[in-house]
Amino acid sequence: MKKKYNNKSIYFKNWTTKKLKEYYLSYYDAIYGQNPCYGMSDLRMINGIEIELEKRKIQIELTPKFY
C-alpha cells in the first residue's frame with residue numbers, strides 16, 4: 001500500500017519527497033548561499049530534512065543534488 005503524504009504536517013516524515021527537496025534547497029541557500037542569513041532554527045530544520053531524505057535513500061552531495 002502506498003503511503004499518503006501530508007505537506008501540511010509538522011513532521012518531516014509526512015512530507016512528500018518533492019517538498020523535502022524544495023525546502024532543503026531553500027534552507028541550503030539561506031545558510032550557505034551568496035548572502036547567508038540564518039539562525040539556529042534554520043540549522044535544525046535543514047538537519048531534520050537531511051535525516052528524512054537519508055531515510056528515504058536519497059543521497060545529498062556537497063552541493064545539493066538529489067538521486
# chains A, B, ... in the order shown; residues from 1 in each chain; ligands from 1
$ residues_around --residues "Ser9 of chain A" --least-positions-apart "6" --cutoff "12 Å" --atoms "only C-alpha atoms" --output "PyMOL selection string"
chain A and resi 15-16+19
$ select_by_dssp --residues "chain A" --states "alpha helix (DSSP H)" --output "PyMOL selection string"
chain A and resi 17-32+40-55
$ closest_residue --among "A:Lys8, A:Met40, A:Glu52, A:Asn47" --to "Tyr28 of chain A" --atoms "only C-alpha atoms"
A:Asn47
$ residues_around --residues "segment 21-27 of chain A" --least-positions-apart "2" --cutoff "8 Å" --atoms "only C-alpha atoms" --output "list in words"
Thr17, Lys18, Lys19, Asp29, Ala30, Ile31, Asp42, Met45, Ile46, Ile49, Glu50, Pro64 and Phe66 of chain A
$ decode --residues "segment 10-47 of chain A" --atoms "C-alpha atoms" --output "PDB file, in the first residue's frame"
ATOM      1  CA  ILE A  10       4.615  19.492  11.137  1.00  0.00           C
ATOM      2  CA  TYR A  11       6.539  16.203  10.782  1.00  0.00           C
ATOM      3  CA  PHE A  12       9.095  15.713   8.015  1.00  0.00           C
ATOM      4  CA  LYS A  13       8.174  12.029   7.700  1.00  0.00           C
ATOM      5  CA  ASN A  14       4.722  13.061   6.427  1.00  0.00           C
ATOM      6  CA  TRP A  15       6.022  15.436   3.740  1.00  0.00           C
ATOM      7  CA  THR A  16       6.385  14.451   0.100  1.00  0.00           C
ATOM      8  CA  THR A  17       9.894  13.952  -1.205  1.00  0.00           C
ATOM      9  CA  LYS A  18       9.354  16.881  -3.565  1.00  0.00           C
ATOM     10  CA  LYS A  19       8.576  19.231  -0.662  1.00  0.00           C
ATOM     11  CA  LEU A  20      11.563  17.959   1.319  1.00  0.00           C
ATOM     12  CA  LYS A  21      13.880  18.664  -1.620  1.00  0.00           C
ATOM     13  CA  GLU A  22      12.427  22.149  -2.175  1.00  0.00           C
ATOM     14  CA  TYR A  23      12.797  23.085   1.480  1.00  0.00           C
ATOM     15  CA  TYR A  24      16.296  21.624   1.649  1.00  0.00           C
ATOM     16  CA  LEU A  25      17.379  23.770  -1.303  1.00  0.00           C
ATOM     17  CA  SER A  26      15.782  26.834   0.257  1.00  0.00           C
ATOM     18  CA  TYR A  27      17.479  26.343   3.628  1.00  0.00           C
ATOM     19  CA  TYR A  28      20.765  25.428   1.937  1.00  0.00           C
ATOM     20  CA  ASP A  29      20.713  28.713   0.023  1.00  0.00           C
ATOM     21  CA  ALA A  30      19.874  30.705   3.160  1.00  0.00           C
ATOM     22  CA  ILE A  31      22.707  29.079   5.122  1.00  0.00           C
ATOM     23  CA  TYR A  32      25.450  28.568   2.533  1.00  0.00           C
ATOM     24  CA  GLY A  33      24.393  30.872  -0.313  1.00  0.00           C
ATOM     25  CA  GLN A  34      25.735  34.178  -1.575  1.00  0.00           C
ATOM     26  CA  ASN A  35      24.281  36.196   1.323  1.00  0.00           C
ATOM     27  CA  PRO A  36      23.981  33.846   4.299  1.00  0.00           C
ATOM     28  CA  CYS A  37      21.318  34.800   6.803  1.00  0.00           C
ATOM     29  CA  TYR A  38      20.150  32.109   9.201  1.00  0.00           C
ATOM     30  CA  GLY A  39      19.527  31.161  12.797  1.00  0.00           C
ATOM     31  CA  MET A  40      19.666  28.038  14.924  1.00  0.00           C
ATOM     32  CA  SER A  41      16.144  27.013  13.919  1.00  0.00           C
ATOM     33  CA  ASP A  42      17.210  27.020  10.255  1.00  0.00           C
ATOM     34  CA  LEU A  43      20.127  24.719  11.065  1.00  0.00           C
ATOM     35  CA  ARG A  44      17.792  22.347  12.916  1.00  0.00           C
ATOM     36  CA  MET A  45      15.335  22.361  10.014  1.00  0.00           C
ATOM     37  CA  ILE A  46      17.942  21.546   7.362  1.00  0.00           C
ATOM     38  CA  ASN A  47      19.366  18.817   9.588  1.00  0.00           C
TER      39      ASN A  47
END
